[in-house]
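A.B. asks: I'm passing along upload.pdb; it holds PDB, C-alpha atoms and all ligand atoms.
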```pdb
ATOM      1  CA  MET A   1       0.000   0.000   0.000
ATOM      2  CA  PHE A   2       2.772   2.444   0.886
ATOM      3  CA  SER A   3       4.640   1.531  -2.275
ATOM      4  CA  LEU A   4       1.573   2.428  -4.370
ATOM      5  CA  LEU A   5       1.297   5.782  -2.591
ATOM      6  CA  PHE A   6       5.035   6.295  -3.102
ATOM      7  CA  LEU A   7       4.679   5.588  -6.828
ATOM      8  CA  ILE A   8       1.773   8.035  -7.129
ATOM      9  CA  VAL A   9       3.755  10.749  -5.337
ATOM     10  CA  LEU A  10       6.776   9.974  -7.512
ATOM     11  CA  TYR A  11       4.625  10.128 -10.666
ATOM     12  CA  PHE A  12       3.199  13.532  -9.739
ATOM     13  CA  LEU A  13       6.500  14.908  -8.410
ATOM     14  CA  PRO A  14       6.793  17.488 -11.254
ATOM     15  CA  ALA A  15       3.250  18.748 -10.573
ATOM     16  CA  ILE A  16       3.987  18.931  -6.842
ATOM     17  CA  LEU A  17       7.248  20.821  -7.375
ATOM     18  CA  GLY A  18       5.666  23.245  -9.857
ATOM     19  CA  ARG A  19       2.422  23.921  -7.994
ATOM     20  CA  ASP A  20       3.352  27.540  -7.145
ATOM     21  CA  LYS A  21       4.486  28.512 -10.636
ATOM     22  CA  SER A  22       2.536  30.557 -13.145
ATOM     23  CA  ASP A  23       2.392  27.535 -15.504
ATOM     24  CA  ALA A  24       1.202  25.128 -12.809
ATOM     25  CA  THR A  25      -1.794  23.992 -14.860
ATOM     26  CA  GLY A  26       0.341  23.218 -17.895
ATOM     27  CA  ILE A  27       2.868  21.343 -15.798
ATOM     28  CA  PHE A  28       0.097  19.313 -14.172
ATOM     29  CA  LEU A  29      -1.557  18.453 -17.494
ATOM     30  CA  LEU A  30       1.741  17.460 -19.098
ATOM     31  CA  ASN A  31       2.527  15.370 -16.041
ATOM     32  CA  LEU A  32      -0.923  13.762 -16.053
ATOM     33  CA  PHE A  33      -1.217  12.895 -19.744
ATOM     34  CA  LEU A  34       2.404  12.363 -20.828
ATOM     35  CA  GLY A  35       4.036  11.473 -17.542
ATOM     36  CA  TRP A  36       3.777   7.752 -18.287
ATOM     37  CA  THR A  37       6.290   8.305 -21.085
ATOM     38  CA  ILE A  38       9.668   8.948 -19.519
ATOM     39  CA  VAL A  39      10.232  11.897 -21.876
ATOM     40  CA  GLY A  40       7.011  13.601 -20.775
ATOM     41  CA  TRP A  41       7.817  13.094 -17.118
ATOM     42  CA  VAL A  42      11.343  14.508 -17.514
ATOM     43  CA  ALA A  43       9.997  17.455 -19.536
ATOM     44  CA  ALA A  44       7.435  18.214 -16.834
ATOM     45  CA  LEU A  45      10.134  17.959 -14.173
ATOM     46  CA  VAL A  46      12.444  20.341 -16.041
ATOM     47  CA  TRP A  47       9.524  22.733 -16.601
ATOM     48  CA  ALA A  48       8.633  22.544 -12.917
ATOM     49  CA  ILE A  49      12.113  23.301 -11.586
ATOM     50  CA  SER A  50      13.045  25.933 -14.149
ATOM     51  CA  SER A  51      12.732  29.550 -13.111
ATOM     52  CA  ASP A  52       9.657  31.588 -13.935
ATOM     53  CA  ARG A  53       9.955  34.216 -16.610
ATOM     54  CA  PRO A  54      10.093  37.660 -14.988
ATOM     55  CA  ALA A  55       6.978  39.759 -15.354
ATOM     56  CA  ARG A  56       7.250  42.354 -18.075
ATOM     57  CA  VAL A  57       7.162  45.887 -16.727
ATOM     58  CA  VAL A  58       6.513  48.852 -18.999
ATOM     59  CA  TYR A  59       7.637  52.216 -17.705
ATOM     60  CA  VAL A  60       5.700  55.243 -18.872
ATOM     61  CA  PRO A  61       7.503  58.561 -18.736
ATOM     62  CA  ALA A  62       5.471  60.891 -16.568
ATOM     63  CA  GLY A  63       7.879  63.811 -16.159
ATOM     64  CA  ALA A  64       6.386  66.654 -18.177
ATOM     65  CA  ALA A  65       3.223  64.863 -19.262
ATOM     66  CA  VAL A  66      -0.161  66.285 -18.308
ATOM     67  CA  TYR A  67      -3.459  64.428 -18.313
ATOM     68  CA  CYS A  68      -6.592  66.139 -19.503
ATOM     69  CA  SER A  69      -9.079  66.729 -16.695
ATOM     70  CA  ARG A  70     -12.080  66.240 -18.991
ATOM     71  CA  CYS A  71     -11.287  63.117 -21.024
ATOM     72  CA  GLY A  72      -8.240  61.732 -19.201
ATOM     73  CA  SER A  73      -6.035  61.335 -22.262
ATOM     74  CA  LEU A  74      -2.331  62.125 -22.135
ATOM     75  CA  ALA A  75      -1.783  65.629 -23.468
ATOM     76  CA  GLY A  76       2.015  65.514 -23.342
ATOM     77  CA  ALA A  77       3.736  68.902 -23.105
ATOM     78  CA  ALA A  78       1.084  70.688 -25.204
ATOM     79  CA  HIS A  79      -1.237  73.318 -23.772
ATOM     80  CA  PHE A  80      -4.324  71.813 -25.407
ATOM     81  CA  CYS A  81      -5.690  68.295 -25.215
ATOM     82  CA  THR A  82      -5.260  66.515 -28.527
ATOM     83  CA  ALA A  83      -8.415  64.459 -27.969
ATOM     84  CA  CYS A  84     -11.019  67.023 -26.909
ATOM     85  CA  GLY A  85      -9.335  70.403 -27.388
ATOM     86  CA  ARG A  86      -9.672  71.544 -23.780
ATOM     87  CA  THR A  87      -6.944  73.712 -22.290
ATOM     88  CA  VAL A  88      -4.826  71.713 -19.882
TER
HETATM   89 ZN    ZN B   1      -9.222  66.002 -23.272
END
```
If you took the structure in this file and wrote it as structure tokens, what would it be?
Ligand SMILES: [Zn+2]

C.D. replies:
Amino acid sequence: MFSLLFLIVLYFLPAILGRDKSDATGIFLLNLFLGWTIVGWVAALVWAISSDRPARVVYVPAGAAVYCSRCGSLAGAAHFCTACGRTV
């Protein structure tokens, strides 16, 4: 009985190791459906222990930019809003 439980835990080891990653569902599905092939199990394990891709951050320059108080669009350094024509 304990050997069966050990084999189940060993089979789902990639899914257990990758449960906190952003691709946890993909790792689990690969482990579930292709884990019985050794290649699928190793691929899921490598995917599970590899590092997550860093989140992409886009910086918007906000130094001299002014937002229009009427429509909210970015007016840049101009004195008039390019979207609605209001003075900013
Ligand atoms: Zn505007």

A.B. asks: Identify, counting all atoms listed in the file, the protein, DNA and RNA residues located within 10 Å of ligand ZN 1 (chain B), and give them as a tab-separated table (two decimals) with C-alpha atoms, keeping the file's coordinate frame.

C.D. replies:
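Wrote part38.tsv, looks like this:
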```
chain	number	residue	atom	x	y	z
A	67	TYR	CA	-3.46	64.43	-18.31
A	68	CYS	CA	-6.59	66.14	-19.50
A	69	SER	CA	-9.08	66.73	-16.70
A	70	ARG	CA	-12.08	66.24	-18.99
A	71	CYS	CA	-11.29	63.12	-21.02
A	72	GLY	CA	-8.24	61.73	-19.20
A	73	SER	CA	-6.04	61.34	-22.26
A	74	LEU	CA	-2.33	62.12	-22.14
A	75	ALA	CA	-1.78	65.63	-23.47
A	80	PHE	CA	-4.32	71.81	-25.41
A	81	CYS	CA	-5.69	68.30	-25.22
A	82	THR	CA	-5.26	66.52	-28.53
A	83	ALA	CA	-8.41	64.46	-27.97
A	84	CYS	CA	-11.02	67.02	-26.91
A	85	GLY	CA	-9.34	70.40	-27.39
A	86	ARG	CA	-9.67	71.54	-23.78
A	87	THR	CA	-6.94	73.71	-22.29
A	88	VAL	CA	-4.83	71.71	-19.88
```

A.B. asks: Translate the PyMOL selection byres (((chain A and resi 47) around 12) and not hetatm) into a concrete residue list for this structure, as a VMD selection string.

C.D. replies: chain A and resid 13 to 19 21 to 31 40 to 46 48 to 53

A.B. asks: What is the atom CA of Ala77 of chain A-atom CA of Val58 of chain A distance in Å, reported with one decimal?

C.D. replies: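 Going from atom CA of Ala77 of chain A over to atom CA of Val58 of chain A covers 20.7 Å.
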
A.B. asks: What is the atom CA of Ile38 of chain A-atom CA of Phe6 of chain A distance in Å, reported with one decimal?

C.D. replies: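 Computing the Euclidean distance for atom CA of Ile38 of chain A and atom CA of Phe6 of chain A yields 17.3 Å.
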
A.B. asks: How would segment 51-81 of chain A look with N, CA and C atoms restored, written as a compact mmCIF listing (two decimals), in the coordinates of the input?

C.D. replies:
```
# COMPACT_ATOMS: atom_id res chain seq x y z
N SER A 51 13.18 28.31 -13.72
CA SER A 51 12.73 29.55 -13.11
C SER A 51 11.63 30.17 -13.94
N ASP A 52 10.73 30.88 -13.27
CA ASP A 52 9.66 31.59 -13.94
C ASP A 52 10.23 32.74 -14.74
N ARG A 53 9.56 33.04 -15.86
CA ARG A 53 9.96 34.22 -16.61
C ARG A 53 9.58 35.45 -15.80
N PRO A 54 10.45 36.46 -15.75
CA PRO A 54 10.09 37.66 -14.99
C PRO A 54 8.94 38.40 -15.66
N ALA A 55 8.12 39.01 -14.84
CA ALA A 55 6.98 39.76 -15.35
C ALA A 55 7.46 40.98 -16.11
N ARG A 56 6.84 41.23 -17.25
CA ARG A 56 7.25 42.35 -18.08
C ARG A 56 6.68 43.64 -17.50
N VAL A 57 7.56 44.61 -17.30
CA VAL A 57 7.16 45.89 -16.73
C VAL A 57 7.40 46.96 -17.77
N VAL A 58 6.40 47.76 -18.03
CA VAL A 58 6.51 48.85 -19.00
C VAL A 58 6.49 50.16 -18.23
N TYR A 59 7.54 50.93 -18.38
CA TYR A 59 7.64 52.22 -17.70
C TYR A 59 7.12 53.31 -18.63
N VAL A 60 6.26 54.14 -18.10
CA VAL A 60 5.70 55.24 -18.87
C VAL A 60 6.32 56.52 -18.35
N PRO A 61 6.94 57.30 -19.21
CA PRO A 61 7.50 58.56 -18.74
C PRO A 61 6.38 59.50 -18.30
N ALA A 62 6.51 60.03 -17.10
CA ALA A 62 5.47 60.89 -16.57
C ALA A 62 6.03 62.23 -16.13
N GLY A 63 7.23 62.59 -16.61
CA GLY A 63 7.88 63.81 -16.16
C GLY A 63 7.10 65.06 -16.50
N ALA A 64 7.03 65.41 -17.78
CA ALA A 64 6.39 66.65 -18.18
C ALA A 64 4.98 66.41 -18.72
N ALA A 65 4.52 65.18 -18.67
CA ALA A 65 3.22 64.86 -19.26
C ALA A 65 2.09 65.36 -18.37
N VAL A 66 1.02 65.77 -19.01
CA VAL A 66 -0.16 66.28 -18.31
C VAL A 66 -1.38 65.53 -18.83
N TYR A 67 -2.23 65.11 -17.91
CA TYR A 67 -3.46 64.43 -18.31
C TYR A 67 -4.60 65.43 -18.37
N CYS A 68 -5.43 65.28 -19.34
CA CYS A 68 -6.59 66.14 -19.50
C CYS A 68 -7.59 65.86 -18.39
N SER A 69 -8.14 66.93 -17.80
CA SER A 69 -9.08 66.73 -16.70
C SER A 69 -10.47 66.36 -17.20
N ARG A 70 -10.76 66.58 -18.48
CA ARG A 70 -12.08 66.24 -18.99
C ARG A 70 -12.12 64.80 -19.50
N CYS A 71 -11.20 64.44 -20.41
CA CYS A 71 -11.29 63.12 -21.02
C CYS A 71 -10.23 62.15 -20.49
N GLY A 72 -9.21 62.62 -19.81
CA GLY A 72 -8.24 61.73 -19.20
C GLY A 72 -7.13 61.28 -20.11
N SER A 73 -7.10 61.77 -21.36
CA SER A 73 -6.04 61.34 -22.26
C SER A 73 -4.75 62.11 -21.97
N LEU A 74 -3.63 61.53 -22.39
CA LEU A 74 -2.33 62.12 -22.14
C LEU A 74 -2.11 63.27 -23.11
N ALA A 75 -1.93 64.47 -22.60
CA ALA A 75 -1.78 65.63 -23.47
C ALA A 75 -0.32 65.94 -23.76
N GLY A 76 0.61 65.26 -23.10
CA GLY A 76 2.02 65.51 -23.34
C GLY A 76 2.42 66.87 -22.81
N ALA A 77 3.28 67.58 -23.55
CA ALA A 77 3.74 68.90 -23.10
C ALA A 77 2.93 70.02 -23.75
N ALA A 78 1.88 69.67 -24.52
CA ALA A 78 1.08 70.69 -25.20
C ALA A 78 0.16 71.40 -24.21
N HIS A 79 -0.34 72.54 -24.62
CA HIS A 79 -1.24 73.32 -23.77
C HIS A 79 -2.70 72.96 -24.01
N PHE A 80 -2.96 72.21 -25.09
CA PHE A 80 -4.32 71.81 -25.41
C PHE A 80 -4.38 70.29 -25.51
N CYS A 81 -5.49 69.74 -25.10
CA CYS A 81 -5.69 68.30 -25.22
C CYS A 81 -5.87 67.92 -26.67
```
